[in-house]
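What follows is a set of notes on a single structure, which appears directly below.
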Amino acid sequence: MPVNLPTALLRSFVAIVESGSMLSATEQVFVTQSALSLQIKRLEELVQQPLFVRDGRKLVLTAPGDVLLGYARRLLSLHDEALASVKVGGFAGPVRFGTVQDFAETFLTGILARFAGLHPDSHVYARVAGTAELQTLLERGQLDVLVGFSATDDPATIRTAPMRWYGDVSLLDRRPLPLAVLEKPCRFREAAINSLEARDIPYRIAVETPNLSTLRSAVEAGLGVTARTDLFLKGFSPLDTQALPDLPQVACIMQASKAGAKAANRLASLTRNVLETL
């Protein structure tokens, strides 16, 4: 009886090679590292050959693994082409979307819900992280569409928005000025600190957190002032004061994979439309 090679195993095998490690591949095939290791072990049992050897911390293809890689890519390409041809007008997944925290609520409850409603058979994977991390994932082929922040001269800019100061007005008289910021790297953190230092205004980091909702709670509680856009606190007016320096504008950007499938291209189009009307 001929041996059948499951496409899931082949897809995991190719993902490890293309991403460079099992850890990176987990975000591409959506399984845990331990499950991925078991998949490769099963694939090696099916072909009765070792596919990887370890070189320090790196996984290196064996000669049989290198041969299988070419066939695996061709088989997966043919498989996906066949599925797309049968599902005319369908949207086979997954579609992988990344956004910074500021846009998470808007897109996770809005654009992704709308996309899933239009294409109920699609598989949507959402990642919330900083812009730099999302761009790295896009470069590695682990995301299809991302929304983030950048400088205003970024060619991926969809629209620009002014940074503003937010917080309790009573804090403006305190020296050093208490700041509430996200952990590094953060474009807003850098802008706030640079602008204060340029005006020789003493400050201290009163609240530092990786989480935007925690930052919002800290600002609402009067623990510190922060620099964000109008997306930060809905219904919360920015500080209208000359006591603090002006802040730069920031660009809202959208980037999409150049090799995006039909579903990813549709999601990119919907995302652009939402950004333009925010």
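Ligands are numbered from 1 in the order shown, residues from 1 within each chain, and chains are lettered A, B, ... in the order they appear in the structure tokens.
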Practice item. Using only C-alpha atoms, determine which residues lie at most 10 Å from range 115-129 of chain A, disregarding the query and same-chain residues fewer than 3 positions distant; provide the list as a VMD selection string. Key: chain A and resid 27 to 28 30 89 to 104 107 to 108 110 to 112 132 to 135 137 143 to 148 210 to 211 263 to 264 266 to 267 270 to 271
Can those selected residues be exported to a file as a tab-separated table (two decimals), in the first residue's frame so that it contains N, CA and C atoms?
```tsv
chain	number	residue	atom	x	y	z
A	27	GLU	N	3.94	30.24	14.47
A	27	GLU	CA	3.02	31.34	14.17
A	27	GLU	C	2.54	31.29	12.72
A	28	GLN	N	3.17	30.45	11.92
A	28	GLN	CA	2.80	30.35	10.52
A	28	GLN	C	1.80	29.23	10.29
A	30	PHE	N	0.14	27.74	13.07
A	30	PHE	CA	-0.85	27.81	14.14
A	30	PHE	C	-0.94	26.54	14.98
A	89	GLY	N	-14.79	31.53	-6.15
A	89	GLY	CA	-15.31	32.64	-5.36
A	89	GLY	C	-15.13	32.43	-3.87
A	90	GLY	N	-14.56	31.29	-3.47
A	90	GLY	CA	-14.35	31.02	-2.05
A	90	GLY	C	-13.10	31.70	-1.54
A	91	PHE	N	-12.91	31.65	-0.24
A	91	PHE	CA	-11.77	32.29	0.38
A	91	PHE	C	-11.13	31.30	1.35
A	92	ALA	N	-10.27	30.44	0.80
A	92	ALA	CA	-9.57	29.48	1.65
A	92	ALA	C	-8.55	30.24	2.49
A	93	GLY	N	-8.44	29.87	3.76
A	93	GLY	CA	-7.56	30.59	4.68
A	93	GLY	C	-6.24	29.90	4.85
A	94	PRO	N	-5.51	30.34	5.86
A	94	PRO	CA	-5.91	31.42	6.75
A	94	PRO	C	-5.54	32.79	6.19
A	95	VAL	N	-6.24	33.82	6.67
A	95	VAL	CA	-5.88	35.20	6.40
A	95	VAL	C	-5.29	35.75	7.69
A	96	ARG	N	-4.08	36.28	7.61
A	96	ARG	CA	-3.34	36.65	8.82
A	96	ARG	C	-3.23	38.18	8.91
A	97	PHE	N	-3.81	38.73	9.98
A	97	PHE	CA	-3.93	40.18	10.13
A	97	PHE	C	-3.25	40.63	11.41
A	98	GLY	N	-2.45	41.69	11.32
A	98	GLY	CA	-1.79	42.23	12.50
A	98	GLY	C	-2.10	43.70	12.69
A	99	THR	N	-2.24	44.12	13.93
A	99	THR	CA	-2.54	45.52	14.21
A	99	THR	C	-1.91	45.95	15.53
A	100	VAL	N	-1.61	47.23	15.64
A	100	VAL	CA	-1.15	47.78	16.91
A	100	VAL	C	-2.35	47.89	17.85
A	101	GLN	N	-2.08	48.05	19.14
A	101	GLN	CA	-3.15	48.04	20.13
A	101	GLN	C	-4.18	49.14	19.91
A	102	ASP	N	-3.73	50.31	19.43
A	102	ASP	CA	-4.64	51.44	19.25
A	102	ASP	C	-5.80	51.10	18.31
A	103	PHE	N	-5.53	50.24	17.31
A	103	PHE	CA	-6.56	49.91	16.34
A	103	PHE	C	-7.25	48.58	16.63
A	104	ALA	N	-6.82	47.90	17.68
A	104	ALA	CA	-7.31	46.54	17.92
A	104	ALA	C	-8.82	46.50	18.06
A	107	PHE	N	-10.60	47.27	14.66
A	107	PHE	CA	-10.50	46.26	13.61
A	107	PHE	C	-10.99	44.89	14.05
A	108	LEU	N	-10.72	44.49	15.31
A	108	LEU	CA	-11.12	43.16	15.74
A	108	LEU	C	-12.64	43.04	15.84
A	110	GLY	N	-14.68	45.23	14.24
A	110	GLY	CA	-15.27	45.87	13.08
A	110	GLY	C	-14.90	45.19	11.78
A	111	ILE	N	-13.71	45.49	11.27
A	111	ILE	CA	-13.35	45.04	9.94
A	111	ILE	C	-13.23	43.52	9.86
A	112	LEU	N	-12.66	42.88	10.89
A	112	LEU	CA	-12.52	41.42	10.83
A	112	LEU	C	-13.88	40.74	10.94
A	132	ALA	N	6.93	47.48	14.73
A	132	ALA	CA	8.19	46.85	14.32
A	132	ALA	C	8.07	45.33	14.30
A	133	GLU	N	7.43	44.76	15.33
A	133	GLU	CA	7.25	43.31	15.39
A	133	GLU	C	6.36	42.83	14.26
A	134	LEU	N	5.29	43.57	13.98
A	134	LEU	CA	4.38	43.19	12.90
A	134	LEU	C	5.07	43.24	11.55
A	135	GLN	N	5.92	44.24	11.34
A	135	GLN	CA	6.64	44.35	10.07
A	135	GLN	C	7.61	43.19	9.89
A	137	LEU	N	7.14	40.17	11.09
A	137	LEU	CA	6.30	39.01	10.75
A	137	LEU	C	5.86	39.07	9.29
A	143	LEU	N	2.45	37.21	8.14
A	143	LEU	CA	1.26	38.06	8.14
A	143	LEU	C	0.93	38.42	6.70
A	144	ASP	N	-0.34	38.68	6.45
A	144	ASP	CA	-0.79	39.13	5.12
A	144	ASP	C	-1.04	40.63	5.09
A	145	VAL	N	-1.58	41.16	6.17
A	145	VAL	CA	-1.93	42.59	6.25
A	145	VAL	C	-1.58	43.09	7.64
A	146	LEU	N	-1.01	44.30	7.71
A	146	LEU	CA	-0.76	44.91	9.02
A	146	LEU	C	-1.18	46.36	9.01
A	147	VAL	N	-1.56	46.84	10.19
A	147	VAL	CA	-1.89	48.24	10.42
A	147	VAL	C	-1.04	48.71	11.59
A	148	GLY	N	-0.34	49.84	11.40
A	148	GLY	CA	0.53	50.32	12.46
A	148	GLY	C	0.78	51.80	12.36
A	210	PRO	N	3.25	47.37	29.14
A	210	PRO	CA	3.20	46.91	27.75
A	210	PRO	C	1.79	46.93	27.18
A	211	ASN	N	0.81	47.24	28.03
A	211	ASN	CA	-0.60	47.09	27.66
A	211	ASN	C	-1.29	48.43	27.54
A	263	ALA	N	-8.18	36.30	-0.72
A	263	ALA	CA	-8.79	36.70	0.54
A	263	ALA	C	-7.99	37.79	1.21
A	264	ALA	N	-6.67	37.68	1.20
A	264	ALA	CA	-5.81	38.69	1.83
A	264	ALA	C	-5.94	40.02	1.11
A	266	ARG	N	-8.57	41.10	-0.46
A	266	ARG	CA	-9.87	41.66	-0.09
A	266	ARG	C	-9.81	42.30	1.30
A	267	LEU	N	-9.14	41.62	2.24
A	267	LEU	CA	-9.00	42.17	3.58
A	267	LEU	C	-8.20	43.47	3.55
A	270	LEU	N	-10.51	46.27	2.36
A	270	LEU	CA	-11.45	46.68	3.41
A	270	LEU	C	-10.72	47.48	4.49
A	271	THR	N	-9.51	47.07	4.83
A	271	THR	CA	-8.73	47.76	5.85
A	271	THR	C	-8.39	49.18	5.42
```
Do a neighbour search on range 157-165 of chain A at 6 Å with only C-alpha atoms, toss out local chain neighbours closer than 3 positions, and write the hits as a PyMOL selection string.
chain A and resi 154+226-229+238-239+247+249-253
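Between CA of Thr26 in chain A and CA of Ala156 in chain A the interatomic distance comes to 27.8 Å.
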**Prompt:** Could you pull out the helix (DSSP H, G or I) residues of range 24-115 of chain A from DSSP and send them as a count of residues only?
**Reply:** 60
(message) Taking the DSSP secondary structure from the backbone, can you list the residues of range 94-262 of chain A that are strand (DSSP E), as a PyMOL selection string?
(response) chain A and resi 95-99+124-128+145-150+157-162+164-166+177-182+203-209+226-228+249-256
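We find CA of Tyr203 in chain A and CA of Thr241 in chain A to be spaced 16.8 Å apart.
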List the neighbours of range 3-20 of chain A out to 12 Å using only C-alpha atoms; skip same-chain residues closer than 3 positions along the sequence, and give me the result as number ranges by chain.
A: 23-33, 35-48, 51-52, 57-62, 65-80, 136-142
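Using only C-alpha atoms, the smallest distance between any of A:Ser34, A:Ser217, A:Thr277, A:Asn265 and Tyr166 in chain A comes from A:Ser217.
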Shortest contact to Arg175 in chain A, candidates A:Arg54, A:Arg189, A:Arg204, A:Arg199, atoms counted only C-alpha atoms, goes to A:Arg204
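When CA of Ala243 in chain A is paired with CA of Ser170 in chain A, their separation reads 11.6 Å.
Once Thr209 in chain A and its same-chain neighbours fewer than 5 positions away are set aside, Ala180, Val181, Leu182, Glu183, Thr214 and Leu215 of chain A remain within 9 Å of it when counting only C-alpha atoms.
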Export, as a PDB file, in the first residue's frame, the selected residues with C-alpha atoms.
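Generated output (result08.pdb):
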```pdb
ATOM      1  CA  ALA A 180       2.462  57.247  31.671  1.00  0.00           C
ATOM      2  CA  VAL A 181       4.054  55.379  28.759  1.00  0.00           C
ATOM      3  CA  LEU A 182       4.206  52.048  27.000  1.00  0.00           C
ATOM      4  CA  GLU A 183       7.356  49.958  27.161  1.00  0.00           C
ATOM      5  CA  THR A 214      -3.562  49.545  31.423  1.00  0.00           C
ATOM      6  CA  LEU A 215      -2.101  52.797  30.119  1.00  0.00           C
TER       7      LEU A 215
END
```
